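Structure data follow from my_file-v9.cif (mmCIF, C-alpha atoms):
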```cif
data_upload
#
loop_
_atom_site.label_atom_id
_atom_site.label_comp_id
_atom_site.auth_asym_id
_atom_site.auth_seq_id
_atom_site.Cartn_x
_atom_site.Cartn_y
_atom_site.Cartn_z
CA MET Q 7 21.99 7.92 -8.01
CA PHE Q 8 21.47 5.68 -11.03
CA ARG Q 9 24.27 3.37 -12.12
CA ARG Q 10 24.66 1.89 -15.57
CA GLY Q 11 22.24 -1.04 -15.91
CA ASP Q 12 19.78 0.18 -13.25
CA TRP Q 13 16.10 0.29 -14.15
CA ALA Q 14 14.45 3.72 -13.91
CA LEU Q 15 10.74 4.51 -13.75
CA LEU Q 16 10.12 7.70 -15.72
CA VAL Q 17 7.01 9.63 -14.66
CA GLU Q 18 5.75 12.57 -16.68
CA GLU Q 19 5.53 15.80 -14.70
CA GLY Q 20 1.89 16.89 -14.51
CA GLY Q 21 0.70 13.99 -16.62
CA GLY Q 22 -0.15 10.30 -16.47
CA PHE Q 23 2.56 8.84 -18.73
CA ARG Q 24 4.94 6.31 -17.19
CA THR Q 25 7.58 4.06 -18.67
CA VAL Q 26 10.64 2.08 -17.59
CA VAL Q 27 14.08 2.32 -19.19
CA ARG Q 28 17.53 1.01 -18.30
CA ALA Q 29 20.21 3.56 -17.42
CA GLY Q 30 22.89 3.54 -20.09
CA GLY Q 31 20.61 1.89 -22.62
CA GLY Q 32 21.15 4.42 -25.38
CA ARG Q 33 18.28 6.00 -27.28
CA VAL Q 34 14.84 4.70 -26.25
CA GLN Q 35 11.66 5.63 -28.15
CA THR Q 36 8.58 6.39 -26.02
CA ALA Q 37 5.11 7.85 -26.55
CA ARG Q 38 6.56 11.18 -25.36
CA GLY Q 39 9.49 11.28 -27.78
CA TYR Q 40 12.78 9.48 -27.42
CA ILE Q 41 14.93 9.42 -24.28
CA VAL Q 42 18.71 9.22 -24.25
CA ALA Q 43 19.04 6.72 -21.41
CA ASP Q 44 22.77 7.37 -21.07
CA GLN Q 45 21.78 10.64 -19.37
CA LEU Q 46 20.42 8.62 -16.45
CA VAL Q 47 23.87 7.33 -15.44
CA GLY Q 48 24.95 9.40 -12.44
CA LEU Q 49 21.59 11.18 -12.19
CA PRO Q 50 20.23 11.41 -8.62
CA HIS Q 51 16.99 9.56 -7.86
CA GLY Q 52 14.17 12.02 -8.50
CA GLY Q 53 16.17 13.88 -11.14
CA VAL Q 54 14.67 15.07 -14.42
CA VAL Q 55 15.30 13.95 -17.97
CA VAL Q 56 13.83 15.73 -20.98
CA SER Q 57 12.54 13.87 -24.03
CA SER Q 58 13.23 14.85 -27.62
CA ILE Q 59 9.93 16.78 -27.76
CA GLY Q 60 10.53 18.63 -24.50
CA VAL Q 61 8.51 16.49 -22.06
CA ARG Q 62 10.00 16.49 -18.55
CA LEU Q 63 10.07 13.13 -16.77
CA ARG Q 64 11.10 12.37 -13.19
CA ALA Q 65 13.42 9.38 -12.85
CA LEU Q 66 12.64 7.11 -9.89
CA PRO Q 67 14.09 3.70 -8.94
CA ALA Q 68 11.95 1.01 -10.61
CA THR Q 69 10.65 -2.00 -8.69
CA ILE Q 70 10.49 -5.51 -10.12
CA PHE Q 71 6.76 -4.94 -10.69
CA ASP Q 72 7.47 -1.76 -12.67
CA VAL Q 73 9.87 -3.69 -14.90
CA ILE Q 74 7.37 -6.52 -15.40
CA GLU Q 75 4.48 -4.16 -16.18
CA HIS Q 76 6.35 -2.02 -18.71
CA ARG Q 77 9.03 -4.29 -20.21
CA PHE Q 78 7.68 -7.85 -20.22
CA LYS Q 79 6.06 -9.39 -23.29
CA LEU Q 80 2.94 -11.41 -22.48
CA GLY Q 81 2.33 -14.76 -24.15
CA ALA Q 82 -0.05 -16.13 -21.50
CA GLN Q 83 -2.37 -14.80 -18.81
CA ALA Q 84 -0.28 -13.33 -15.99
CA VAL Q 85 -0.91 -13.59 -12.25
CA TYR Q 86 -1.84 -10.23 -10.74
CA PRO Q 87 0.84 -8.57 -8.57
CA LYS Q 88 -1.37 -8.78 -5.46
CA ASP Q 89 -1.62 -12.55 -5.90
CA ALA Q 90 2.06 -12.97 -6.75
CA VAL Q 91 3.13 -11.25 -3.54
CA HIS Q 92 0.71 -13.32 -1.47
CA ILE Q 93 2.01 -16.50 -3.09
CA VAL Q 94 5.49 -15.50 -1.92
CA ARG Q 95 4.14 -15.03 1.61
CA ALA Q 96 2.25 -18.32 1.60
CA ALA Q 97 5.34 -20.12 0.32
CA GLY Q 98 7.57 -18.54 2.96
CA LEU Q 99 10.19 -17.62 0.35
CA GLY Q 100 13.44 -15.84 1.06
CA PRO Q 101 17.07 -15.72 -0.08
CA GLY Q 102 18.27 -19.28 -0.64
CA SER Q 103 14.86 -20.90 -1.12
CA ARG Q 104 14.59 -23.63 -3.76
CA VAL Q 105 11.34 -23.55 -5.71
CA ALA Q 106 9.72 -25.70 -8.39
CA GLU Q 107 7.09 -23.88 -10.45
CA ALA Q 108 4.61 -25.24 -13.00
CA GLY Q 109 3.71 -23.65 -15.41
CA THR Q 110 5.95 -20.87 -16.51
CA GLY Q 111 3.63 -18.95 -18.82
CA SER Q 112 5.17 -15.58 -19.70
CA GLY Q 113 7.46 -15.71 -16.67
CA PHE Q 114 5.66 -13.04 -14.60
CA LEU Q 115 5.31 -15.13 -11.46
CA THR Q 116 8.65 -16.81 -12.21
CA ALA Q 117 10.36 -13.40 -12.09
CA VAL Q 118 8.72 -12.50 -8.77
CA LEU Q 119 9.75 -15.84 -7.24
CA ALA Q 120 13.31 -15.39 -8.54
CA TRP Q 121 13.47 -11.85 -7.15
CA PHE Q 122 12.72 -13.13 -3.64
CA VAL Q 123 14.98 -16.22 -3.64
CA ARG Q 124 18.08 -14.46 -5.00
CA PRO Q 125 21.05 -14.31 -4.57
CA TRP Q 126 21.47 -17.91 -3.34
CA GLY Q 127 18.19 -19.56 -4.29
CA VAL Q 128 16.88 -21.04 -7.51
CA VAL Q 129 13.55 -21.42 -9.31
CA TYR Q 130 13.06 -24.54 -11.44
CA SER Q 131 10.26 -23.54 -13.78
CA PHE Q 132 8.40 -26.08 -15.93
CA ASP Q 133 6.04 -25.63 -18.86
CA ASN Q 134 4.91 -27.92 -21.66
CA ARG Q 135 4.70 -25.20 -24.33
CA VAL Q 136 7.75 -24.10 -26.31
CA SER Q 137 6.11 -20.76 -27.13
CA HIS Q 138 5.73 -19.99 -23.42
CA MET Q 139 9.35 -20.90 -22.72
CA ARG Q 140 10.65 -18.59 -25.43
CA VAL Q 141 8.67 -15.61 -24.13
CA ALA Q 142 9.62 -16.34 -20.51
CA ALA Q 143 13.32 -16.68 -21.35
CA ARG Q 144 13.34 -13.27 -23.04
CA ASN Q 145 11.43 -11.66 -20.16
CA LEU Q 146 13.71 -13.10 -17.48
CA LYS Q 147 16.77 -11.93 -19.41
CA THR Q 148 15.24 -8.46 -19.66
CA ALA Q 149 14.75 -8.35 -15.87
CA GLY Q 150 18.27 -9.63 -15.22
CA LEU Q 151 16.92 -12.68 -13.37
CA GLY Q 152 17.94 -15.46 -15.75
CA ASP Q 153 20.78 -16.63 -13.49
CA TYR Q 154 18.29 -17.58 -10.77
CA VAL Q 155 15.91 -19.59 -12.97
CA GLU Q 156 16.29 -22.96 -14.68
CA LEU Q 157 13.65 -23.35 -17.38
CA GLN Q 158 12.61 -26.87 -18.37
CA LEU Q 159 10.25 -27.97 -21.12
CA ARG Q 160 8.29 -30.72 -19.35
CA ASP Q 161 4.76 -31.88 -18.65
CA VAL Q 162 4.93 -32.34 -14.89
CA VAL Q 163 1.65 -34.29 -14.79
CA ARG Q 164 3.11 -37.01 -17.01
CA SER Q 165 6.82 -36.79 -16.20
CA GLY Q 166 7.08 -35.17 -12.79
CA PHE Q 167 9.72 -32.64 -11.78
CA GLY Q 168 12.80 -34.76 -12.52
CA ARG Q 169 15.51 -35.08 -9.90
CA VAL Q 170 15.03 -31.70 -8.23
CA ARG Q 171 14.46 -31.50 -4.49
CA VAL Q 172 12.90 -28.26 -3.29
CA ASP Q 173 11.47 -26.39 -0.32
CA VAL Q 174 8.35 -25.21 -2.15
CA VAL Q 175 6.25 -26.19 -5.17
CA VAL Q 176 4.11 -23.51 -6.82
CA LEU Q 177 1.40 -24.72 -9.21
CA ASP Q 178 -0.16 -22.20 -11.59
CA MET Q 179 -1.66 -24.57 -14.18
CA GLY Q 180 -4.97 -25.86 -15.46
CA ASP Q 181 -5.10 -29.14 -13.49
CA PRO Q 182 -2.82 -28.78 -10.44
CA TRP Q 183 -4.51 -31.64 -8.58
CA ASN Q 184 -3.04 -34.04 -11.15
CA ALA Q 185 0.49 -32.90 -10.25
CA LEU Q 186 0.21 -33.38 -6.48
CA GLY Q 187 1.59 -36.93 -6.52
CA HIS Q 188 4.81 -35.71 -8.15
CA THR Q 189 4.76 -32.66 -5.84
CA TRP Q 190 4.89 -34.98 -2.82
CA GLU Q 191 7.98 -36.69 -4.28
CA VAL Q 192 10.11 -33.52 -4.52
CA LEU Q 193 9.19 -32.08 -1.10
CA GLY Q 194 10.54 -33.13 2.24
CA PRO Q 195 8.25 -33.49 5.29
CA GLY Q 196 6.73 -30.10 6.03
CA GLY Q 197 7.60 -28.75 2.58
CA ARG Q 198 5.07 -26.29 1.17
CA VAL Q 199 2.87 -26.40 -1.90
CA VAL Q 200 1.02 -23.31 -3.12
CA ILE Q 201 -1.68 -23.50 -5.79
CA PHE Q 202 -3.27 -20.61 -7.67
CA SER Q 203 -6.83 -21.48 -8.70
CA THR Q 204 -9.20 -19.28 -10.69
CA THR Q 205 -12.51 -21.20 -10.48
CA ALA Q 206 -14.50 -22.72 -7.62
CA GLU Q 207 -14.56 -26.10 -9.37
CA HIS Q 208 -10.77 -26.19 -9.60
CA LEU Q 209 -10.49 -24.97 -6.02
CA ALA Q 210 -12.67 -27.86 -4.82
CA LYS Q 211 -10.72 -30.47 -6.78
CA SER Q 212 -7.38 -29.18 -5.47
CA VAL Q 213 -8.47 -29.09 -1.83
CA SER Q 214 -10.01 -32.56 -2.05
CA THR Q 215 -6.89 -34.03 -3.66
CA LEU Q 216 -4.59 -32.35 -1.14
CA ARG Q 217 -6.52 -34.00 1.70
CA SER Q 218 -6.60 -37.44 0.13
CA ALA Q 219 -2.89 -37.24 -0.76
CA GLY Q 220 -1.85 -36.62 2.86
CA PHE Q 221 -1.07 -32.90 2.80
CA VAL Q 222 -1.74 -31.03 6.04
CA GLU Q 223 -2.36 -27.45 7.23
CA ILE Q 224 -4.45 -26.69 4.17
CA SER Q 225 -5.42 -23.03 3.81
CA VAL Q 226 -7.51 -21.20 1.22
CA GLU Q 227 -7.24 -17.42 0.85
CA GLU Q 228 -8.50 -14.78 -1.56
CA VAL Q 229 -6.66 -11.48 -1.91
CA ALA Q 230 -8.86 -8.43 -2.45
CA VAL Q 231 -7.51 -4.96 -3.18
CA ARG Q 232 -9.83 -1.96 -3.22
CA TYR Q 233 -8.43 1.21 -4.76
CA TRP Q 234 -9.54 4.66 -3.65
CA LYS Q 235 -9.54 7.89 -5.62
CA PRO Q 236 -6.59 9.87 -4.18
CA VAL Q 237 -8.04 13.35 -4.74
CA PRO Q 238 -8.62 15.72 -1.79
CA GLY Q 239 -12.33 16.43 -1.46
CA GLU Q 240 -13.21 13.39 -3.58
CA LEU Q 241 -11.82 10.56 -1.46
CA ARG Q 242 -13.92 7.49 -2.20
CA PRO Q 243 -13.50 4.00 -3.65
CA GLU Q 244 -12.76 3.91 -7.38
CA THR Q 245 -15.83 3.24 -9.51
CA PHE Q 246 -14.28 0.31 -11.37
CA GLY Q 247 -11.86 -2.37 -10.24
CA VAL Q 248 -10.85 -6.02 -10.41
CA VAL Q 249 -13.34 -7.88 -8.23
CA HIS Q 250 -11.95 -11.41 -8.33
CA THR Q 251 -8.76 -12.98 -9.68
CA GLY Q 252 -8.45 -16.33 -7.91
CA TRP Q 253 -7.75 -18.27 -4.73
CA ILE Q 254 -4.40 -19.14 -3.20
CA ILE Q 255 -4.31 -22.60 -1.67
CA SER Q 256 -1.38 -23.55 0.54
CA ALA Q 257 -0.51 -26.75 2.37
CA ARG Q 258 2.40 -28.75 3.77
CA ARG Q 259 3.55 -32.23 2.91
CA GLY Q 260 2.73 -34.68 5.67
CA TRP Q 261 5.10 -37.20 7.15
#
```
Would you give me this structure, written as structure tokens?
Amino acid sequence: MFRRGDWALLVEEGGGFRTVVRAGGGRVQTARGYIVADQLVGLPHGGVVVSSIGVRLRALPATIFDVIEHRFKLGAQAVYPKDAVHIVRAAGLGPGSRVAEAGTGSGFLTAVLAWFVRPWGVVYSFDNRVSHMRVAARNLKTAGLGDYVELQLRDVVRSGFGRVRVDVVVLDMGDPWNALGHTWEVLGPGGRVVIFSTTAEHLAKSVSTLRSAGFVEISVEEVAVRYWKPVPGELRPETFGVVHTGWIISARRGW
């Protein structure tokens, strides 16, 4: 059942409306009328709440991706969930991992990284824009992940990552190849670096710089997801979809 503070995904019965609210959060306005979120406390998973205009909504446990999709404010282009999850895999993250990330953006990827390294790990997230930091700080607080992230206003190309020492560096920035010298400094031998690149030109520059800088086990992957229409008698790929989002480059620091 839902406890006070839990996130709930509310799904309209017989319709397509979905939203996320926090149990015990008082009155919450939605496109289907307002919800009294206090009613969720003690409600079994799958239970029903009724909005002020009589719309019935099923309450399901929300995932971190549900919270990000429905509750985060975007101030910069966000990494797609499919890429975020693959970045976690390529980085080998788990509870206790120490991660340096540049740049923070709206905190979407930051939140995913923090979700996987908690409860003992930490994400040091760097960005050179104050506006991005403000949005990210609010989003991370909303998700309840602020305790696992240390935000720093810093241009890592010019100033590096400071005194941090980490297991993994994740670079989601315009010129990641220019940060690889500082990346080497904060990783131990065998430490991982993961780069998200959206253009072939940037991909080529990153791979070339990784090789010349002494990184090993370089890998380039593209994550493709093809959705199908889940209707009996009409099972086929969806007509429209996201064809390309970017490449995920991973490597290890040499000796």
Write out as a VMD selection string which residues come within 7 Å of Ile254 of chain Q when counting only C-alpha atoms, dropping same-chain ones fewer than 5 positions away.
chain Q and resid 93 200 to 203 226 to 228
Give me the result of the PyMOL selection byres ((chain Q and resi 121-127) around 12) on this file, residue by residue, as an mmCIF file with C-alpha atoms, in the coordinates of the input.
```
data_model
loop_
_atom_site.group_PDB
_atom_site.id
_atom_site.type_symbol
_atom_site.label_atom_id
_atom_site.label_comp_id
_atom_site.auth_asym_id
_atom_site.auth_seq_id
_atom_site.Cartn_x
_atom_site.Cartn_y
_atom_site.Cartn_z
ATOM 1 C CA THR Q 69 10.650 -2.000 -8.690
ATOM 2 C CA ILE Q 70 10.490 -5.510 -10.120
ATOM 3 C CA PHE Q 71 6.760 -4.940 -10.690
ATOM 4 C CA VAL Q 73 9.870 -3.690 -14.900
ATOM 5 C CA ILE Q 74 7.370 -6.520 -15.400
ATOM 6 C CA ALA Q 90 2.060 -12.970 -6.750
ATOM 7 C CA VAL Q 91 3.130 -11.250 -3.540
ATOM 8 C CA ILE Q 93 2.010 -16.500 -3.090
ATOM 9 C CA VAL Q 94 5.490 -15.500 -1.920
ATOM 10 C CA ARG Q 95 4.140 -15.030 1.610
ATOM 11 C CA ALA Q 97 5.340 -20.120 0.320
ATOM 12 C CA GLY Q 98 7.570 -18.540 2.960
ATOM 13 C CA LEU Q 99 10.190 -17.620 0.350
ATOM 14 C CA GLY Q 100 13.440 -15.840 1.060
ATOM 15 C CA PRO Q 101 17.070 -15.720 -0.080
ATOM 16 C CA GLY Q 102 18.270 -19.280 -0.640
ATOM 17 C CA SER Q 103 14.860 -20.900 -1.120
ATOM 18 C CA ARG Q 104 14.590 -23.630 -3.760
ATOM 19 C CA VAL Q 105 11.340 -23.550 -5.710
ATOM 20 C CA ALA Q 106 9.720 -25.700 -8.390
ATOM 21 C CA GLY Q 113 7.460 -15.710 -16.670
ATOM 22 C CA PHE Q 114 5.660 -13.040 -14.600
ATOM 23 C CA LEU Q 115 5.310 -15.130 -11.460
ATOM 24 C CA THR Q 116 8.650 -16.810 -12.210
ATOM 25 C CA ALA Q 117 10.360 -13.400 -12.090
ATOM 26 C CA VAL Q 118 8.720 -12.500 -8.770
ATOM 27 C CA LEU Q 119 9.750 -15.840 -7.240
ATOM 28 C CA ALA Q 120 13.310 -15.390 -8.540
ATOM 29 C CA VAL Q 128 16.880 -21.040 -7.510
ATOM 30 C CA VAL Q 129 13.550 -21.420 -9.310
ATOM 31 C CA TYR Q 130 13.060 -24.540 -11.440
ATOM 32 C CA LEU Q 146 13.710 -13.100 -17.480
ATOM 33 C CA ALA Q 149 14.750 -8.350 -15.870
ATOM 34 C CA GLY Q 150 18.270 -9.630 -15.220
ATOM 35 C CA LEU Q 151 16.920 -12.680 -13.370
ATOM 36 C CA GLY Q 152 17.940 -15.460 -15.750
ATOM 37 C CA ASP Q 153 20.780 -16.630 -13.490
ATOM 38 C CA TYR Q 154 18.290 -17.580 -10.770
ATOM 39 C CA VAL Q 155 15.910 -19.590 -12.970
ATOM 40 C CA GLU Q 156 16.290 -22.960 -14.680
ATOM 41 C CA VAL Q 172 12.900 -28.260 -3.290
ATOM 42 C CA ASP Q 173 11.470 -26.390 -0.320
ATOM 43 C CA VAL Q 174 8.350 -25.210 -2.150
#
```
Target residues per the PyMOL selection byres ((chain Q and resi 61) around 12), formatted as a CSV table (one decimal) with C-alpha atoms, keeping the file's coordinate frame:
```
chain,number,residue,atom,x,y,z
Q,16,LEU,CA,10.1,7.7,-15.7
Q,17,VAL,CA,7.0,9.6,-14.7
Q,18,GLU,CA,5.8,12.6,-16.7
Q,19,GLU,CA,5.5,15.8,-14.7
Q,20,GLY,CA,1.9,16.9,-14.5
Q,21,GLY,CA,0.7,14.0,-16.6
Q,23,PHE,CA,2.6,8.8,-18.7
Q,24,ARG,CA,4.9,6.3,-17.2
Q,36,THR,CA,8.6,6.4,-26.0
Q,37,ALA,CA,5.1,7.8,-26.6
Q,38,ARG,CA,6.6,11.2,-25.4
Q,39,GLY,CA,9.5,11.3,-27.8
Q,40,TYR,CA,12.8,9.5,-27.4
Q,41,ILE,CA,14.9,9.4,-24.3
Q,54,VAL,CA,14.7,15.1,-14.4
Q,55,VAL,CA,15.3,14.0,-18.0
Q,56,VAL,CA,13.8,15.7,-21.0
Q,57,SER,CA,12.5,13.9,-24.0
Q,58,SER,CA,13.2,14.8,-27.6
Q,59,ILE,CA,9.9,16.8,-27.8
Q,60,GLY,CA,10.5,18.6,-24.5
Q,62,ARG,CA,10.0,16.5,-18.6
Q,63,LEU,CA,10.1,13.1,-16.8
Q,64,ARG,CA,11.1,12.4,-13.2
```
Please determine, counting all atoms listed in the file, which residue among Q:Val175, Q:Leu216, Q:Val249, Q:Val162 has the shortest atom-to-atom distance to Arg232 of chain Q.
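Checking each candidate against Arg232 of chain Q, we get Q:Val249 as the closest.
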If the PyMOL selection byres ((chain Q and resi 45) around 10) is run on the structure shown, which residues does it catch, given as a list in words?
Phe8, Arg10, Ala29, Gly30, Gly31, Gly32, Arg33, Ile41, Val42, Ala43, Asp44, Leu46, Val47, Gly48, Leu49, Val54, Val55 and Val56 of chain Q
Option closest in space to Leu80 of chain Q, from Q:Val213, Q:Val199, Q:Val34, Q:Val141 [counting all atoms listed in the file]
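Ranking Q:Val213, Q:Val199, Q:Val34, Q:Val141 by distance to Leu80 of chain Q, first place goes to Q:Val141.
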Interatomic distance between atom CA of Thr204 of chain Q and atom CA of Ser225 of chain Q?
15.4 Å
Please report the interatomic distance between atom CA of Arg77 of chain Q and atom CA of Thr205 of chain Q in Å with one decimal.
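Value for the atom CA of Arg77 of chain Q-atom CA of Thr205 of chain Q distance: 29.1 Å.
Going from atom CA of Glu223 of chain Q to atom CA of Ala185 of chain Q covers 18.5 Å.
Residues in contact with Arg160 of chain Q at up to 10 Å, not including ones fewer than 5 positions away on its chain and judged by all atoms listed in the file, are Ala108, Gly109, Ser131, Phe132, Asp133, Asn134, Arg135, Val136, Ser165, Gly166, Phe167 and Gly168 of chain Q.
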When you count all atoms listed in the file, which of these residues is closest to Phe221 of chain Q: Q:Ala84, Q:Val27, Q:Ala143, Q:Ala257?
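Of all the options, Q:Ala257 lies closest to Phe221 of chain Q.
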From the options Q:Glu191, Q:Asp12, Q:Asp181, Q:Asp72, which residue's atoms come nearest to Asp161 of chain Q, counting all atoms listed in the file?
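Nearest candidate to Asp161 of chain Q out of Q:Glu191, Q:Asp12, Q:Asp181, Q:Asp72: Q:Asp181.
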With only C-alpha atoms as the atoms that count, which of Q:Gly252, Q:Pro243, Q:Pro195, Q:Pro182 lies nearest to Ser214 of chain Q?
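Of Q:Gly252, Q:Pro243, Q:Pro195, Q:Pro182, the one nearest Ser214 of chain Q, counting only C-alpha atoms, is Q:Pro182.
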